[in-house]
Amino acid sequence: MTASVTNPAFGGGLSSPGAAIDQGASVVLSARGLRRDFGGFIAVNNVDLDVHHAKVHALIGPNGAGKTTVFNLLTKFLQPSSGTITLLGHDITRTDPAKVARMGLVRSFQISAVFPHLTVLDNVRVALQRPGGLSTQFWLSMRALNRLNEAALKLIEAVGLQDARHSLAADLSYGRKRVLEIATTLALDPKVLLLDEPMAGMGHEDVHIVSDIIRGVAKDRAILMVEHNLKVVADLCDQVTVLQRGEILTSGDYRTVSQDERVRVAYMGTEHE
Amino acid sequence: MTEATISAPKPRFLTLETTLILIGIVLLILAPFHFYPVFLMKVLCFALFACAFNLLLGYAGILSFGHAAFFGGAAYFTAHSVKEWGFSPELGILTGVAGAAILGLVIGFLAIRRQGIYSTMITLAMAQMFAFFCLQASFTHGEDGIQGVPRGHLFGFIDLEQPLNMYFFVLAVFLAGMFIIWRIINSPFGMILKSVRENENRAISLGYSVARYKLAAFVMSAALTGLAGGLKAIVFQFATLTDVSWQMSGEVVLMTLLGGIGTLVGPIFGAALISTLENYLATSEFPVTVVTGIIFMVCVLVFRRGIIGELYASRLGKKLESKSES
């Protein structure tokens, strides 16, 4: 919790591409020279990224800029064509995605990723099962999972879904599905969270709820999020990286970035302010 | 936060579901006194086969078109070990199970590398290769198959040549197999299987090495299929190429689909229906394949969830479920 204090080294407003904050102890996830080609098309090129502990880092950019591809590369759902990725000091460039998740880097997906035909409680318990070593036991009854209930309910309550704990995830509203997804992700107690458009398609009310949750979560975790709602980005994020055509256009705090002429032209225009 | 507030009320001792299961078991115990035991044993073998297949398709979401290799393969292993090596029937069946599990490990290892239709095609190709092996290998006796397998004495003292002894042994193995399947589905492991089926990428992002769970499910399904295949070899006292042919793989898909994919008891009904039809039509002029083909089309067009699947989805089923669900 102590890490929530603002890092004084930060906020300097570095705006040259790729030049992020100095490699300090607080960098938990970093990428260097990340590149991915699909055939002849370069989806992501020369991306350097540093995600810091207890900070919310936004990845923004126009459609097709390669934001989701960067996510897929960082979480190893896609193999980078070149470049390196480091998570908590370990090189994960060639690690498989499930292992990366076990090391503490957990992602969400652009479309809500819940297990639709499981109940809310079971959705969270699926995540809690793994660290408890309760996932390979095919000879035990389901009752063995009841010992996870307390932890699961705590998480469900934290995101305000306690009234729906026995409902099927498929029956939840869109916003509540996303909230459930966050609860499931938090069940793993990740060091780094990658959220792919957590507020997309949400109503006004839900955006506030999710913002509050993210703010709370970021107190002792690093968060990298793709987000289109610039109001949210301005409000929530300590650091913003702008992607355009697969390359980093600029990086820095929201104020600096939003005043950058190239960014205004490329993306922001008059959408905000 | 106590347990009571979290989990729904404890199930009563005799829920509707357990009552139905008990009635089913009683009927199966009484059945050989009214029906031809060999036919019933055939149905039970196929029912176990279909349920084992359904464990993979319905709960892990993997469609195998090569389960005949496990079924027929186990039949060969059991028949050979009992006839040539003098194994007791129970040991012979275990040999079949072990053989099928190893086959499942090999075929599954290759099949789970791909998804959907590609994975299915790999299982088909591997099963065809195995069928060819069975045609050529000397111990299978090619087109003749292994004939005249002695039923022997179970545990050394129960004479399985007695039809009723044989029947109750088959019933016991069937019930044990069903219990194992039920336990796997309703276990922490089964929970992960379901989550993989529901959203594979999400399961990966939660840190599950999905391939391992799929392979485990594949091997379990193959082993249980082997249990059915080995049992069938003891019942009919032979093992032939029919059981490893691709038509057998197709038949089990049909049985499962007809009964209801992803339902525990659906495949039992599917297997019973298909076996009964085959039995009746075997003596008539009418070709069996035409009838099963028509049934398949009707099933796909009209009741895609299968007999039991539709029952669960109907209003009556919902009522039963809400009453019996714990």
# chains A, B, ... in the order shown; residues from 1 in each chain; ligands from 1
$ interface_residues --of "chain A" --to "chain B" --cutoff "9 Å" --atoms "only C-alpha atoms" --output "ChimeraX atom specification"
/A:75,77,96-109,113-118,122-123,126-127,129-130,134-147,149-150,153,165-166,184-185,188
$ select_by_dssp --residues "stretch 159-208 of chain A" --states "helix (DSSP H, G or I)" --output "VMD selection string"
chain A and resid 162 to 164 169 to 171 174 to 186 204 to 208
$ closest_residue --among "B:Ala282, B:Leu124, B:Ile23, B:Ala47" --to "B:Phe269" --atoms "only C-alpha atoms"
B:Ala47
$ residues_around --residues "A:Val56" --least-positions-apart "4" --cutoff "10 Å" --atoms "only C-alpha atoms" --output "PDB file with N, CA and C atoms, in the first residue's frame"
ATOM      1  N   VAL A  51       6.186  -0.452 -17.645  1.00  0.00           N
ATOM      2  CA  VAL A  51       5.013  -0.359 -16.788  1.00  0.00           C
ATOM      3  C   VAL A  51       5.502  -0.405 -15.337  1.00  0.00           C
ATOM      4  N   HIS A  52       5.045   0.579 -14.561  1.00  0.00           N
ATOM      5  CA  HIS A  52       5.561   0.742 -13.203  1.00  0.00           C
ATOM      6  C   HIS A  52       4.607   0.220 -12.154  1.00  0.00           C
ATOM      7  N   LEU A 193      -1.560  -6.021 -14.218  1.00  0.00           N
ATOM      8  CA  LEU A 193      -2.838  -6.261 -14.880  1.00  0.00           C
ATOM      9  C   LEU A 193      -2.849  -5.581 -16.232  1.00  0.00           C
ATOM     10  N   LEU A 194      -3.231  -6.316 -17.246  1.00  0.00           N
ATOM     11  CA  LEU A 194      -3.408  -5.710 -18.554  1.00  0.00           C
ATOM     12  C   LEU A 194      -4.895  -5.723 -18.878  1.00  0.00           C
ATOM     13  N   ILE A 214     -10.522   0.165 -10.413  1.00  0.00           N
ATOM     14  CA  ILE A 214      -9.166   0.192 -10.963  1.00  0.00           C
ATOM     15  C   ILE A 214      -8.247   1.048 -10.082  1.00  0.00           C
ATOM     16  N   ARG A 215      -8.775   2.180  -9.640  1.00  0.00           N
ATOM     17  CA  ARG A 215      -7.970   3.051  -8.795  1.00  0.00           C
ATOM     18  C   ARG A 215      -7.555   2.321  -7.517  1.00  0.00           C
ATOM     19  N   VAL A 217      -7.356  -0.919  -7.083  1.00  0.00           N
ATOM     20  CA  VAL A 217      -6.479  -2.039  -7.406  1.00  0.00           C
ATOM     21  C   VAL A 217      -5.056  -1.560  -7.663  1.00  0.00           C
ATOM     22  N   ALA A 218      -4.946  -0.367  -8.268  1.00  0.00           N
ATOM     23  CA  ALA A 218      -3.635   0.141  -8.674  1.00  0.00           C
ATOM     24  C   ALA A 218      -2.779   0.563  -7.494  1.00  0.00           C
ATOM     25  N   LYS A 219      -3.360   0.566  -6.307  1.00  0.00           N
ATOM     26  CA  LYS A 219      -2.580   0.990  -5.150  1.00  0.00           C
ATOM     27  C   LYS A 219      -1.371   0.095  -4.931  1.00  0.00           C
ATOM     28  N   ARG A 221      -0.523  -2.484  -7.380  1.00  0.00           N
ATOM     29  CA  ARG A 221      -0.275  -3.278  -8.585  1.00  0.00           C
ATOM     30  C   ARG A 221      -0.003  -2.335  -9.753  1.00  0.00           C
ATOM     31  N   ALA A 222       0.658  -2.873 -10.753  1.00  0.00           N
ATOM     32  CA  ALA A 222       0.839  -2.100 -11.978  1.00  0.00           C
ATOM     33  C   ALA A 222      -0.313  -2.417 -12.932  1.00  0.00           C
ATOM     34  N   ILE A 223      -0.796  -1.395 -13.615  1.00  0.00           N
ATOM     35  CA  ILE A 223      -1.887  -1.620 -14.566  1.00  0.00           C
ATOM     36  C   ILE A 223      -1.534  -0.991 -15.904  1.00  0.00           C
ATOM     37  N   LEU A 224      -1.708  -1.765 -16.942  1.00  0.00           N
ATOM     38  CA  LEU A 224      -1.600  -1.225 -18.291  1.00  0.00           C
ATOM     39  C   LEU A 224      -2.961  -1.409 -18.922  1.00  0.00           C
ATOM     40  N   MET A 225      -3.554  -0.319 -19.413  1.00  0.00           N
ATOM     41  CA  MET A 225      -4.880  -0.476 -20.002  1.00  0.00           C
ATOM     42  C   MET A 225      -5.010   0.207 -21.344  1.00  0.00           C
ATOM     43  N   VAL A 233      -9.049   8.228 -19.161  1.00  0.00           N
ATOM     44  CA  VAL A 233      -7.591   8.216 -19.206  1.00  0.00           C
ATOM     45  C   VAL A 233      -7.030   9.408 -18.424  1.00  0.00           C
ATOM     46  N   LEU A 236      -7.600   8.829 -14.662  1.00  0.00           N
ATOM     47  CA  LEU A 236      -7.130   7.630 -13.987  1.00  0.00           C
ATOM     48  C   LEU A 236      -5.651   7.351 -14.181  1.00  0.00           C
ATOM     49  N   CYS A 237      -5.119   7.761 -15.329  1.00  0.00           N
ATOM     50  CA  CYS A 237      -3.822   7.220 -15.708  1.00  0.00           C
ATOM     51  C   CYS A 237      -2.669   8.160 -15.386  1.00  0.00           C
ATOM     52  N   ASP A 238      -1.587   7.566 -14.897  1.00  0.00           N
ATOM     53  CA  ASP A 238      -0.398   8.340 -14.564  1.00  0.00           C
ATOM     54  C   ASP A 238       0.468   8.550 -15.780  1.00  0.00           C
ATOM     55  N   GLN A 239       0.411   7.613 -16.682  1.00  0.00           N
ATOM     56  CA  GLN A 239       1.296   7.630 -17.822  1.00  0.00           C
ATOM     57  C   GLN A 239       0.492   7.233 -19.054  1.00  0.00           C
ATOM     58  N   VAL A 240       0.765   7.899 -20.160  1.00  0.00           N
ATOM     59  CA  VAL A 240       0.044   7.594 -21.390  1.00  0.00           C
ATOM     60  C   VAL A 240       1.050   7.329 -22.496  1.00  0.00           C
TER      61      VAL A 240
END
$ atom_distance --atom1 "atom CA of A:Gln244" --atom2 "atom CA of A:Thr93"
23.1 Å
$ select_by_dssp --residues "stretch 20-267 of chain A" --states "strand (DSSP E or B)" --output "PyMOL selection string"
chain A and resi 27-38+41-52+56-60+82-87+90-91+105-107+119+168+192-196+222-226+239-244+247-252
$ write_last_selection --atoms "C-alpha atoms" --output "CSV table (one decimal), in the first residue's frame"
chain,number,residue,atom,x,y,z
A,27,VAL,CA,9.5,-1.1,-13.4
A,28,VAL,CA,7.7,-4.4,-13.3
A,29,LEU,CA,7.0,-5.0,-17.0
A,30,SER,CA,9.1,-3.7,-19.8
A,31,ALA,CA,9.4,-4.3,-23.5
A,32,ARG,CA,12.3,-3.3,-25.7
A,33,GLY,CA,12.2,-3.1,-29.5
A,34,LEU,CA,9.0,-5.1,-29.7
A,35,ARG,CA,8.1,-6.0,-33.3
A,36,ARG,CA,5.5,-8.3,-34.9
A,37,ASP,CA,5.0,-8.9,-38.6
A,38,PHE,CA,2.0,-10.6,-40.1
A,41,PHE,CA,2.5,-6.3,-42.7
A,42,ILE,CA,4.2,-4.8,-39.6
A,43,ALA,CA,1.6,-4.6,-36.9
A,44,VAL,CA,3.9,-3.5,-34.2
A,45,ASN,CA,7.3,-2.0,-34.7
A,46,ASN,CA,10.0,-1.0,-32.3
A,47,VAL,CA,7.8,-0.6,-29.2
A,48,ASP,CA,9.5,0.2,-25.9
A,49,LEU,CA,7.3,0.2,-22.9
A,50,ASP,CA,7.8,0.4,-19.1
A,51,VAL,CA,5.0,-0.4,-16.8
A,52,HIS,CA,5.6,0.7,-13.2
A,56,VAL,CA,-1.9,3.1,-14.2
A,57,HIS,CA,-0.5,3.3,-17.6
A,58,ALA,CA,-2.7,3.9,-20.6
A,59,LEU,CA,-2.1,2.7,-24.1
A,60,ILE,CA,-4.1,4.8,-26.6
A,82,SER,CA,11.8,-9.6,-32.4
A,83,GLY,CA,12.4,-7.6,-29.2
A,84,THR,CA,12.5,-8.6,-25.6
A,85,ILE,CA,10.0,-8.6,-22.8
A,86,THR,CA,10.9,-8.6,-19.1
A,87,LEU,CA,8.5,-9.3,-16.3
A,90,HIS,CA,12.7,-12.3,-15.8
A,91,ASP,CA,13.0,-12.5,-19.5
A,105,LEU,CA,0.9,-10.9,-15.5
A,106,VAL,CA,-2.8,-11.3,-16.1
A,107,ARG,CA,-4.8,-9.8,-18.9
A,119,THR,CA,-22.2,-19.1,-11.9
A,168,LEU,CA,-25.0,-17.6,-14.4
A,192,VAL,CA,0.6,-6.6,-13.4
A,193,LEU,CA,-2.8,-6.3,-14.9
A,194,LEU,CA,-3.4,-5.7,-18.6
A,195,LEU,CA,-6.9,-4.5,-19.2
A,196,ASP,CA,-8.1,-4.3,-22.8
A,222,ALA,CA,0.8,-2.1,-12.0
A,223,ILE,CA,-1.9,-1.6,-14.6
A,224,LEU,CA,-1.6,-1.2,-18.3
A,225,MET,CA,-4.9,-0.5,-20.0
A,226,VAL,CA,-6.1,0.2,-23.5
A,239,GLN,CA,1.3,7.6,-17.8
A,240,VAL,CA,0.0,7.6,-21.4
A,241,THR,CA,1.6,6.0,-24.4
A,242,VAL,CA,0.2,6.8,-27.8
A,243,LEU,CA,0.5,4.2,-30.6
A,244,GLN,CA,0.1,5.0,-34.2
A,247,GLU,CA,4.8,2.6,-33.5
A,248,ILE,CA,5.0,4.8,-30.4
A,249,LEU,CA,4.2,8.3,-31.3
A,250,THR,CA,4.8,9.7,-27.8
A,251,SER,CA,4.8,8.8,-24.2
A,252,GLY,CA,4.4,10.8,-21.0
$ residues_around --residues "B:Val38" --least-positions-apart "3" --cutoff "9 Å" --atoms "only C-alpha atoms" --output "ChimeraX atom specification"
/B:32,35,41-43,163,166-167,235-236
$ residues_around --residues "B:Trp246" --least-positions-apart "6" --cutoff "12 Å" --atoms "only C-alpha atoms" --output "PyMOL selection string"
chain B and resi 64-72+121+123-132+252-253
$ residues_around --residues "B:Leu30" --least-positions-apart "3" --cutoff "12 Å" --atoms "only C-alpha atoms" --output "list in words"
Ile23, Gly24, Ile25, Val26, Leu27, Phe33, His34, Phe35, Tyr36, Pro37, Leu40, Leu164, Tyr167, Phe168 and Leu171 of chain B
$ write_last_selection --atoms "C-alpha atoms" --output "mmCIF file, in the first residue's frame"
data_model
loop_
_atom_site.group_PDB
_atom_site.id
_atom_site.type_symbol
_atom_site.label_atom_id
_atom_site.label_comp_id
_atom_site.auth_asym_id
_atom_site.auth_seq_id
_atom_site.Cartn_x
_atom_site.Cartn_y
_atom_site.Cartn_z
ATOM 1 C CA ILE B 23 -34.995 -46.657 -10.147
ATOM 2 C CA GLY B 24 -32.701 -46.980 -13.162
ATOM 3 C CA ILE B 25 -30.340 -49.290 -11.288
ATOM 4 C CA VAL B 26 -33.211 -51.444 -10.034
ATOM 5 C CA LEU B 27 -34.522 -51.743 -13.598
ATOM 6 C CA PHE B 33 -34.952 -61.740 -16.270
ATOM 7 C CA HIS B 34 -37.094 -60.241 -19.026
ATOM 8 C CA PHE B 35 -34.665 -59.535 -21.861
ATOM 9 C CA TYR B 36 -31.923 -61.409 -23.610
ATOM 10 C CA PRO B 37 -28.839 -60.852 -21.394
ATOM 11 C CA LEU B 40 -28.415 -56.029 -22.582
ATOM 12 C CA LEU B 164 -26.383 -64.002 -15.275
ATOM 13 C CA TYR B 167 -24.461 -59.813 -16.843
ATOM 14 C CA PHE B 168 -24.000 -58.655 -13.271
ATOM 15 C CA LEU B 171 -23.486 -54.125 -14.871
#
$ atom_distance --atom1 "atom CA of B:Gly260" --atom2 "atom CA of B:Val219"
22.0 Å
